[in-house]
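Have a look at the structure below before the remarks.
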Amino acid sequence: MKVLVSDSLSNEGLEILKEHFTVDVNTGLSEDELVEKIGEYDALVIRSGTQVTQRVIEAADNLKIVGRAGVGVDNVDVDAATKKGIIVANAPEGNMISAAEHTIGMMMAMSRNIPQANASLKGREWKRNKFMGVEVKGKTLGIIGLGRIGSEVAKRASGLEMNLMGYDPFISEKRAMELGVKLATVNEISKEADYITVHTPLIKETRNILDDEQFDLMKSGVRILNCARGGIINEAALVRALESGKVGGAALDVFVEEPPFGSPLLNFDNVIVTPHLGASTQEAQVNVAIDIAKEVVSVLTGGLAKNAINIPSVKPEAMAVLAPYIRLAELMGKIAGQLVDSNYEKVEIGYNGEISGKDTRPLTVSALKGLLEMALGAGVNYVNAPALAKSRQIAVVESKSESAEEYSSTVSIKLSSGETAKLVAGTVVGDEPKIVSIDEDRVDIFPAGRMIFAKHINKPNVIGPCCMVLGKNNINISGMQVGRSEVGGVTMMVLNVDTDVSDAILDEVRQVPGILNAKLVTL
Ligand SMILES: NC(=O)c1ccc[n+]([C@@H]2O[C@H](COP(=O)([O-])OP(=O)(O)OC[C@H]3O[C@@H](n4cnc5c(N)ncnc54)[C@H](O)[C@@H]3O)[C@@H](O)[C@H]2O)c1
Ligand SMILES: O=C(O)[C@H](O)COP(=O)(O)O
């Protein structure tokens with residue numbers, strides 16, 4: 001088998017690859033050159049220097065894996081790869097310390113004007129007053145993105161006696177507390193922080209997360225850092241904020257266009273820059289090269305990729321059985337994600353009966369996609385869902401049991417945090433997904449459209465008034481299912497409705513005596 005390494009990779013990784021395969025190292029290829037060559041390779045190993053575009057993927061007729069020796073895969077058309085059944089895997093842990101250390105280094109260098117002072121003295125100037133700096137101790141650092149690198153930055157900044165606030169929609173209060181970070185919104189960070197650093201992936205939701213609106217909110221003299229990806233901070237807005245004096249300094253390792261030779265950001269004395277050096281340490285490069293080489297060896301010798309970020313391809317014959325369950329798992333994830341009351345730290349996905357004997361990995365990915373979409377929106381896909389769960393410190397646990405009670409196969413999703421939990425279970429009837437229980441309540445729902453889940457006391461004069469509220473507000477009920485329980489017990493009613501139900505109307509439903517809670521689930 002043949003491996004193409006199209007960006008520089010440490011020898012330690014190359015040696016592992018060469019033990020198993022024919023390895024060609026060919027860096028600096030244009031897209032056309034890559035398109036021409038890629039057809040003959042089984043694996044492609046890259047860093048951030050290679051653009052793996054749709055054209056490249058389309059030409060990659062033998063490719064089984066794109067291995068990214070590092071974290072960011074924004075230079076890979078992952079959707080195209082997924083469609084073609086090509087695994088995209090990265091090496092997410094090997095360079096996190098280096099990237100965090102670089103961020104701290106940039107923060108200190110910016111605070112004490114070290115690059116400017118260095119250039120001045122080497123120009124034979126001795127200007128001690130010109131380079132007056134500031135201490136970081138006691139200053140507030142806002143961290144946007146508290147994954148691997150953001151967390152390591154937090155730990156180090158805490159050692160520098162900074163006050164920490166952070167924003168990450170996927171991090172639990174508990175994890176933030178462990179890091180000594182006060183969770184806040186982006187607006188709050190903009191208003192309060194003396195330094196703001198971003199450590200998110202570049203995705204739709206994070207592109208331009210710091211823009212004119214946020215710069216307007218910031219304190220005068222705020223210092224900005226980006227050692228994650230160009231584009232997370234809107235560069236034009238940053239230029240405007242530097243021109244107005246709102247931003248007192250910026251430290252940038254990454255740019256929308258690299259190299260950023262035409263960027264006005266290079267013209268500011270108070271902007272310090274490095275050429276995407278976050279991962280450029282001997283240690284990080286050895287780590288990521290070894291990690292990705294092992295990943296490539298595993299995949300090309302028939303094993304799994306530990307850090308695949310898109311779903312594993314499923315053989316057509318297996319897909320025929322799995323497809324309705326994949327759909328079920330995604331719908332259940334969506335339902336659980338909308339019914340849960342609080343942040344959750346653990347997702348337990350249970351497979352019972354016949355389904356437990358199948359390759360359930362695509363189902364788990366689908367469940368996570370459905371679930372996380374409810375928190376993060378359309379940016380979540382089959383590709384990034386597991387990585388997002390992991391970076392959100394959500395433990396994902398799968399369990400399998402051959403025994404099944406009423407149905408030949410059931411899938412369950414349990415979201416839990418401490419003592420509280422939300423459980424949704426379902427099955428497939430014919431080819432249709434069906435929800436069979438919510439928590440301890442038996443239900444019988446073919447999930448679709450908009451549904452109101454109303455927990456209530458099983459007694460007269462509850463269901464009628466609840467329907468009256470909807471009727472009065474012109475909301476048509478197209479289906480209804482009431483769980484079984486003894487009279488006076490608590491059970492679940494599910495109402496299918498034809499139109500959206502506002503919070504105000506849902507509140508009215510909740511006011512009906514006997515209704516314990518009511519939630520709208522939209523699929
Ligand atoms: N400069 C470099 O050389 C260098 C080196 C390594 C990594 N990176 C980049 O650093 C970034 C972070 O890497 P990581 O390894 O910590 O990734 P990670 O996946 O561990 O963490 C990213 C965090 O961002 C959070 N996030 C997702 N959407 C968000 C949103 N809308 N708002 C706020 N937070 C959100 C996630 O929940 C997660 O906790 C990536 O962009 C990566 O490519 C750069
Ligand atoms: O996402 C990453 O891992 C970093 O941006 C490092 O990129 P590099 O491997 O091209 O240095």
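A note on labels: chains of the structure tokens are A, B, ... as shown, every chain counts residues from 1, and ligands are counted from 1 in their shown order.
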
message: Run DSSP on the backbone and tell me which residues of segment 56-242 of chain A come out as strand (DSSP E); list them as a ChimeraX atom specification.
response: /A:65-68,87-90,140-144,163-167,181-183,195-198,222-226

message: Neighbouring residues of His276 of chain A were defined as those with any atom within 9 Å, considering only C-alpha atoms; residues of the same chain fewer than 6 positions away were excluded. Please report them as a list in words.
response: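 Those residues are Cys227, Leu252, Asp253, Val254, Phe255, Glu258 and Pro259 of chain A.
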
Pull N, CA and C atoms from the residues just selected and write them as a compact mmCIF listing (two decimals), in the first residue's frame.
```
# COMPACT_ATOMS: atom_id res chain seq x y z
N CYS A 227 -4.55 32.15 18.80
CA CYS A 227 -3.60 31.08 18.45
C CYS A 227 -4.39 29.85 18.03
N LEU A 252 -1.18 37.40 17.42
CA LEU A 252 -1.83 36.52 16.45
C LEU A 252 -0.84 35.49 15.89
N ASP A 253 -1.26 34.24 15.94
CA ASP A 253 -0.44 33.17 15.37
C ASP A 253 -1.06 32.64 14.08
N VAL A 254 -2.34 32.99 13.86
CA VAL A 254 -3.09 32.41 12.74
C VAL A 254 -3.88 33.51 12.03
N PHE A 255 -4.14 33.30 10.75
CA PHE A 255 -4.74 34.34 9.92
C PHE A 255 -5.71 33.71 8.94
N GLU A 258 -3.09 32.57 4.96
CA GLU A 258 -1.72 32.35 5.41
C GLU A 258 -0.83 32.03 4.22
N PRO A 259 0.31 32.69 4.03
CA PRO A 259 0.82 33.79 4.87
C PRO A 259 0.01 35.07 4.67
```

- prompt: So which residues touch Ile349 of chain A within 9 Å, counting only C-alpha atoms, skipping near sequence neighbours fewer than 4 positions away, as a ChimeraX atom specification?
  reply: /A:364,367,396-400,411-415

task: Throw together the list of residues within 6 Å of ligand 2, counting only C-alpha atoms and all ligand atoms, and drop it here as an MDAnalysis selection string.
output: chainID A and resid 47:49 69:72 279:280

Generate a file of the selected residues that holds C-alpha atoms, formatted as a short mmCIF file (atom, residue, chain, number, x, y, z; two decimals), in the first residue's frame.
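Heads up, here's the output in selection_23.cif:
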```cif
data_model
loop_
_atom_site.label_atom_id
_atom_site.label_comp_id
_atom_site.auth_asym_id
_atom_site.auth_seq_id
_atom_site.Cartn_x
_atom_site.Cartn_y
_atom_site.Cartn_z
CA ARG A 47 -0.71 19.17 8.39
CA SER A 48 -2.32 22.56 7.81
CA GLY A 49 -0.34 23.18 4.60
CA ALA A 69 -0.85 15.33 12.10
CA GLY A 70 -2.39 17.92 14.38
CA VAL A 71 -5.83 19.20 15.38
CA GLY A 72 -7.54 21.43 12.82
CA ALA A 279 2.34 23.39 17.27
CA SER A 280 5.90 23.95 16.18
#
```

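Separating atom CA of Ile189 of chain A from atom CA of Met177 of chain A is a distance of 16.6 Å.
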
Could you give me, as CSV, a per-residue list for chain A showing, wherever an atom lies at most 6 Å from an atom of ligand 1, the closest pair of atoms and their distance in Å to one decimal, using only C-alpha atoms and all ligand atoms and sorting by chain then residue number from low to high?
```
residue,atom,partner,partner_atom_place_in_ligand_line,distance
A:Val71,CA,ligand 1,43 (O),4.9
A:Gly72,CA,ligand 1,43 (O),3.4
A:Pro92,CA,ligand 1,15 (O),5.7
A:Asn95,CA,ligand 1,6 (C),5.8
A:Met96,CA,ligand 1,6 (C),5.8
A:Ala99,CA,ligand 1,5 (C),4.8
A:Ile144,CA,ligand 1,33 (C),5.2
A:Gly145,CA,ligand 1,34 (N),3.7
A:Leu146,CA,ligand 1,39 (O),4.5
A:Gly147,CA,ligand 1,39 (O),3.2
A:Arg148,CA,ligand 1,20 (O),3.8
A:Ile149,CA,ligand 1,16 (O),3.7
A:Gly150,CA,ligand 1,16 (O),5.5
A:Tyr167,CA,ligand 1,33 (C),5.5
A:Asp168,CA,ligand 1,34 (N),3.8
A:Pro169,CA,ligand 1,33 (C),5.8
A:Phe170,CA,ligand 1,37 (O),4.5
A:His199,CA,ligand 1,12 (C),4.3
A:Thr200,CA,ligand 1,24 (O),3.6
A:Pro201,CA,ligand 1,41 (O),3.4
A:Leu202,CA,ligand 1,41 (O),5.5
A:Glu205,CA,ligand 1,31 (N),4.8
A:Thr206,CA,ligand 1,31 (N),4.8
A:Cys227,CA,ligand 1,1 (N),4.3
A:Ala228,CA,ligand 1,10 (O),3.6
A:Arg229,CA,ligand 1,41 (O),5.0
A:Asp253,CA,ligand 1,1 (N),5.7
A:His276,CA,ligand 1,3 (O),5.1
A:Leu277,CA,ligand 1,3 (O),5.1
A:Gly278,CA,ligand 1,3 (O),3.3
A:Ala279,CA,ligand 1,3 (O),4.2
A:Leu388,CA,ligand 1,37 (O),5.8
A:Ser391,CA,ligand 1,39 (O),4.4
A:Arg392,CA,ligand 1,37 (O),4.8
```

Nearest to Gly94 of chain A, chosen from A:Val521, A:Ala375, A:Ala289, A:Val501, with only C-alpha atoms counted in the distances: A:Ala289

field: Surrounding residues of segment 510-515 of chain A excluding itself and chain neighbours under 3 positions, 12 Å, only C-alpha atoms, as number ranges by chain
entry: A: 452-470, 488-493, 503-507, 518-520

For Gly418 of chain A: contacts at 12 Å, only C-alpha atoms, fewer than 5 positions along chain excluded, given as a VMD selection string: chain A and resid 172 174 342 to 346

query: Which value, in Å to one decimal, gives the distance between atom CA of Lys246 of chain A and atom CA of Lys139 of chain A?
result: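 Spanning atom CA of Lys246 of chain A to atom CA of Lys139 of chain A is a straight-line distance of 17.0 Å.
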
- prompt: Which value, in Å to one decimal, gives the distance between atom CA of Glu40 of chain A and atom CA of Lys2 of chain A?
  reply: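 Atom CA of Lys2 of chain A lies at a distance of 7.3 Å from atom CA of Glu40 of chain A.
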
field: helix (DSSP H, G or I) call set, DSSP backbone run, segment 263-504 of chain A, as a PyMOL selection string
entry: chain A and resi 264-267+282-300+316-339+354-357+361-376+385-391+463-472+503-504

Output C-alpha atoms of each residue in that selection to a file, as a PDB file, in the first residue's frame.
```pdb
ATOM      1  CA  PRO A 264      -3.123  45.492   7.366  1.00  0.00           C
ATOM      2  CA  LEU A 265      -2.703  43.751  10.734  1.00  0.00           C
ATOM      3  CA  LEU A 266       1.018  43.510   9.998  1.00  0.00           C
ATOM      4  CA  ASN A 267       1.234  47.330   9.974  1.00  0.00           C
ATOM      5  CA  GLN A 282      10.018  19.231  18.739  1.00  0.00           C
ATOM      6  CA  GLU A 283       7.818  17.504  21.267  1.00  0.00           C
ATOM      7  CA  ALA A 284       4.523  18.294  19.567  1.00  0.00           C
ATOM      8  CA  GLN A 285       5.756  17.312  16.144  1.00  0.00           C
ATOM      9  CA  VAL A 286       7.081  13.967  17.360  1.00  0.00           C
ATOM     10  CA  ASN A 287       3.828  13.337  19.254  1.00  0.00           C
ATOM     11  CA  VAL A 288       1.475  14.112  16.376  1.00  0.00           C
ATOM     12  CA  ALA A 289       3.623  12.289  13.804  1.00  0.00           C
ATOM     13  CA  ILE A 290       3.673   9.103  15.894  1.00  0.00           C
ATOM     14  CA  ASP A 291      -0.039   9.356  16.716  1.00  0.00           C
ATOM     15  CA  ILE A 292      -1.110   9.833  13.120  1.00  0.00           C
ATOM     16  CA  ALA A 293       1.268   7.214  11.744  1.00  0.00           C
ATOM     17  CA  LYS A 294      -0.213   4.645  14.153  1.00  0.00           C
ATOM     18  CA  GLU A 295      -3.678   5.712  13.092  1.00  0.00           C
ATOM     19  CA  VAL A 296      -2.832   5.200   9.403  1.00  0.00           C
ATOM     20  CA  VAL A 297      -1.260   1.795  10.113  1.00  0.00           C
ATOM     21  CA  SER A 298      -4.346   0.735  12.043  1.00  0.00           C
ATOM     22  CA  VAL A 299      -6.790   1.761   9.322  1.00  0.00           C
ATOM     23  CA  LEU A 300      -4.785   0.347   6.409  1.00  0.00           C
ATOM     24  CA  PRO A 316     -24.055  -1.745   2.040  1.00  0.00           C
ATOM     25  CA  GLU A 317     -25.371  -5.065   3.386  1.00  0.00           C
ATOM     26  CA  ALA A 318     -24.929  -3.890   6.993  1.00  0.00           C
ATOM     27  CA  MET A 319     -26.488  -0.548   6.121  1.00  0.00           C
ATOM     28  CA  ALA A 320     -29.773  -2.197   5.097  1.00  0.00           C
ATOM     29  CA  VAL A 321     -30.281  -3.350   8.700  1.00  0.00           C
ATOM     30  CA  LEU A 322     -28.775  -0.328  10.397  1.00  0.00           C
ATOM     31  CA  ALA A 323     -30.420   2.503   8.431  1.00  0.00           C
ATOM     32  CA  PRO A 324     -33.748   2.667  10.359  1.00  0.00           C
ATOM     33  CA  TYR A 325     -31.874   2.390  13.653  1.00  0.00           C
ATOM     34  CA  ILE A 326     -29.517   5.188  12.623  1.00  0.00           C
ATOM     35  CA  ARG A 327     -32.585   7.329  12.045  1.00  0.00           C
ATOM     36  CA  LEU A 328     -34.109   6.201  15.332  1.00  0.00           C
ATOM     37  CA  ALA A 329     -30.929   7.031  17.250  1.00  0.00           C
ATOM     38  CA  GLU A 330     -30.781  10.540  15.765  1.00  0.00           C
ATOM     39  CA  LEU A 331     -34.441  11.244  16.527  1.00  0.00           C
ATOM     40  CA  MET A 332     -34.002   9.931  20.067  1.00  0.00           C
ATOM     41  CA  GLY A 333     -30.980  12.173  20.514  1.00  0.00           C
ATOM     42  CA  LYS A 334     -33.054  15.142  19.384  1.00  0.00           C
ATOM     43  CA  ILE A 335     -35.893  14.241  21.722  1.00  0.00           C
ATOM     44  CA  ALA A 336     -33.628  13.635  24.721  1.00  0.00           C
ATOM     45  CA  GLY A 337     -31.761  16.871  23.975  1.00  0.00           C
ATOM     46  CA  GLN A 338     -35.003  18.833  24.083  1.00  0.00           C
ATOM     47  CA  LEU A 339     -36.508  17.089  27.093  1.00  0.00           C
ATOM     48  CA  GLU A 354     -30.597  -8.210  18.122  1.00  0.00           C
ATOM     49  CA  ILE A 355     -29.185  -4.751  17.458  1.00  0.00           C
ATOM     50  CA  SER A 356     -26.530  -5.354  20.108  1.00  0.00           C
ATOM     51  CA  GLY A 357     -24.890  -7.864  17.770  1.00  0.00           C
ATOM     52  CA  ARG A 361     -20.932   2.851  16.068  1.00  0.00           C
ATOM     53  CA  PRO A 362     -22.921   4.715  13.396  1.00  0.00           C
ATOM     54  CA  LEU A 363     -25.935   4.654  15.724  1.00  0.00           C
ATOM     55  CA  THR A 364     -23.942   6.172  18.548  1.00  0.00           C
ATOM     56  CA  VAL A 365     -22.673   8.898  16.243  1.00  0.00           C
ATOM     57  CA  SER A 366     -26.220   9.581  15.053  1.00  0.00           C
ATOM     58  CA  ALA A 367     -27.532   9.767  18.603  1.00  0.00           C
ATOM     59  CA  LEU A 368     -24.787  12.250  19.524  1.00  0.00           C
ATOM     60  CA  LYS A 369     -25.433  14.289  16.408  1.00  0.00           C
ATOM     61  CA  GLY A 370     -29.146  14.559  17.208  1.00  0.00           C
ATOM     62  CA  LEU A 371     -28.423  15.366  20.821  1.00  0.00           C
ATOM     63  CA  LEU A 372     -25.728  17.984  20.309  1.00  0.00           C
ATOM     64  CA  GLU A 373     -27.617  19.652  17.472  1.00  0.00           C
ATOM     65  CA  MET A 374     -30.173  20.659  20.070  1.00  0.00           C
ATOM     66  CA  ALA A 375     -27.488  22.535  22.006  1.00  0.00           C
ATOM     67  CA  LEU A 376     -25.356  23.853  19.174  1.00  0.00           C
ATOM     68  CA  ALA A 385     -20.458  15.069  16.928  1.00  0.00           C
ATOM     69  CA  PRO A 386     -18.184  12.628  18.830  1.00  0.00           C
ATOM     70  CA  ALA A 387     -15.347  15.143  18.906  1.00  0.00           C
ATOM     71  CA  LEU A 388     -17.716  17.809  20.202  1.00  0.00           C
ATOM     72  CA  ALA A 389     -19.018  15.486  22.914  1.00  0.00           C
ATOM     73  CA  LYS A 390     -15.465  14.703  23.914  1.00  0.00           C
ATOM     74  CA  SER A 391     -14.366  18.310  23.940  1.00  0.00           C
ATOM     75  CA  ILE A 463     -56.273  16.419  29.546  1.00  0.00           C
ATOM     76  CA  GLY A 464     -59.426  18.335  28.547  1.00  0.00           C
ATOM     77  CA  PRO A 465     -58.319  21.734  29.889  1.00  0.00           C
ATOM     78  CA  CYS A 466     -54.881  21.212  28.439  1.00  0.00           C
ATOM     79  CA  CYS A 467     -56.394  20.624  24.970  1.00  0.00           C
ATOM     80  CA  MET A 468     -58.663  23.630  25.542  1.00  0.00           C
ATOM     81  CA  VAL A 469     -55.618  25.860  25.999  1.00  0.00           C
ATOM     82  CA  LEU A 470     -54.248  24.703  22.677  1.00  0.00           C
ATOM     83  CA  GLY A 471     -57.620  24.965  20.925  1.00  0.00           C
ATOM     84  CA  LYS A 472     -58.183  28.461  22.285  1.00  0.00           C
ATOM     85  CA  ASP A 503     -43.397  29.681  25.256  1.00  0.00           C
ATOM     86  CA  ALA A 504     -46.365  31.719  26.458  1.00  0.00           C
TER      87      ALA A 504
END
```

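The protein and nucleic acid residues lying at most 8 Å from Gly39 of chain A are Ala59, Ala60, Asp61, Asn62 and Leu63 of chain A, with only C-alpha atoms considered and sequence neighbours fewer than 6 positions away removed.
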
Output for the residues just chosen: N, CA and C atoms as a CSV table (one decimal), in the first residue's frame:
```csv
chain,number,residue,atom,x,y,z
A,59,ALA,N,-10.9,12.7,-6.8
A,59,ALA,CA,-9.9,12.0,-7.5
A,59,ALA,C,-9.2,10.8,-6.7
A,60,ALA,N,-9.6,10.8,-5.4
A,60,ALA,CA,-8.9,9.8,-4.5
A,60,ALA,C,-9.5,8.5,-4.5
A,61,ASP,N,-9.4,7.7,-5.6
A,61,ASP,CA,-10.1,6.5,-5.8
A,61,ASP,C,-9.7,5.4,-4.9
A,62,ASN,N,-8.5,5.4,-4.4
A,62,ASN,CA,-8.0,4.3,-3.5
A,62,ASN,C,-7.8,4.8,-2.1
A,63,LEU,N,-8.1,6.0,-1.8
A,63,LEU,CA,-7.8,6.6,-0.5
A,63,LEU,C,-8.7,6.0,0.6
```

- prompt: Out of A:Asp498, A:Glu58, A:Ser401, A:Ile272, which residue has the shortest atom-to-atom distance to Asn226 of chain A when counting only C-alpha atoms?
  reply: A:Ile272

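Near Val45 of chain A, within 9 Å and counting only C-alpha atoms, sit Val3, Leu4, Val5, Ser6, Asp7, Leu9, Ile65, Val66, Gly67, Arg68, Ala69, Ile292, Ala293 and Val296 of chain A, not including residues fewer than 3 positions from it in the same chain.
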
With C-alpha atoms kept, could you save the residues just selected as a JSON list (two decimals), in the first residue's frame?
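Result saved to again-v2.json:
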```json
[["chain", "number", "residue", "atom", "x", "y", "z"],
["A", 3, "VAL", "CA", 1.09, 6.59, 1.65],
["A", 4, "LEU", "CA", 1.57, 10.17, 0.51],
["A", 5, "VAL", "CA", 2.91, 12.61, 3.10],
["A", 6, "SER", "CA", 2.23, 16.07, 1.69],
["A", 7, "ASP", "CA", 3.36, 18.27, 4.61],
["A", 9, "LEU", "CA", 6.25, 15.16, 9.25],
["A", 65, "ILE", "CA", -7.74, 7.71, 5.26],
["A", 66, "VAL", "CA", -6.68, 11.34, 5.45],
["A", 67, "GLY", "CA", -4.48, 11.58, 8.54],
["A", 68, "ARG", "CA", -4.02, 15.07, 10.01],
["A", 69, "ALA", "CA", -0.85, 15.33, 12.10],
["A", 292, "ILE", "CA", -1.11, 9.83, 13.12],
["A", 293, "ALA", "CA", 1.27, 7.21, 11.74],
["A", 296, "VAL", "CA", -2.83, 5.20, 9.40]]
```
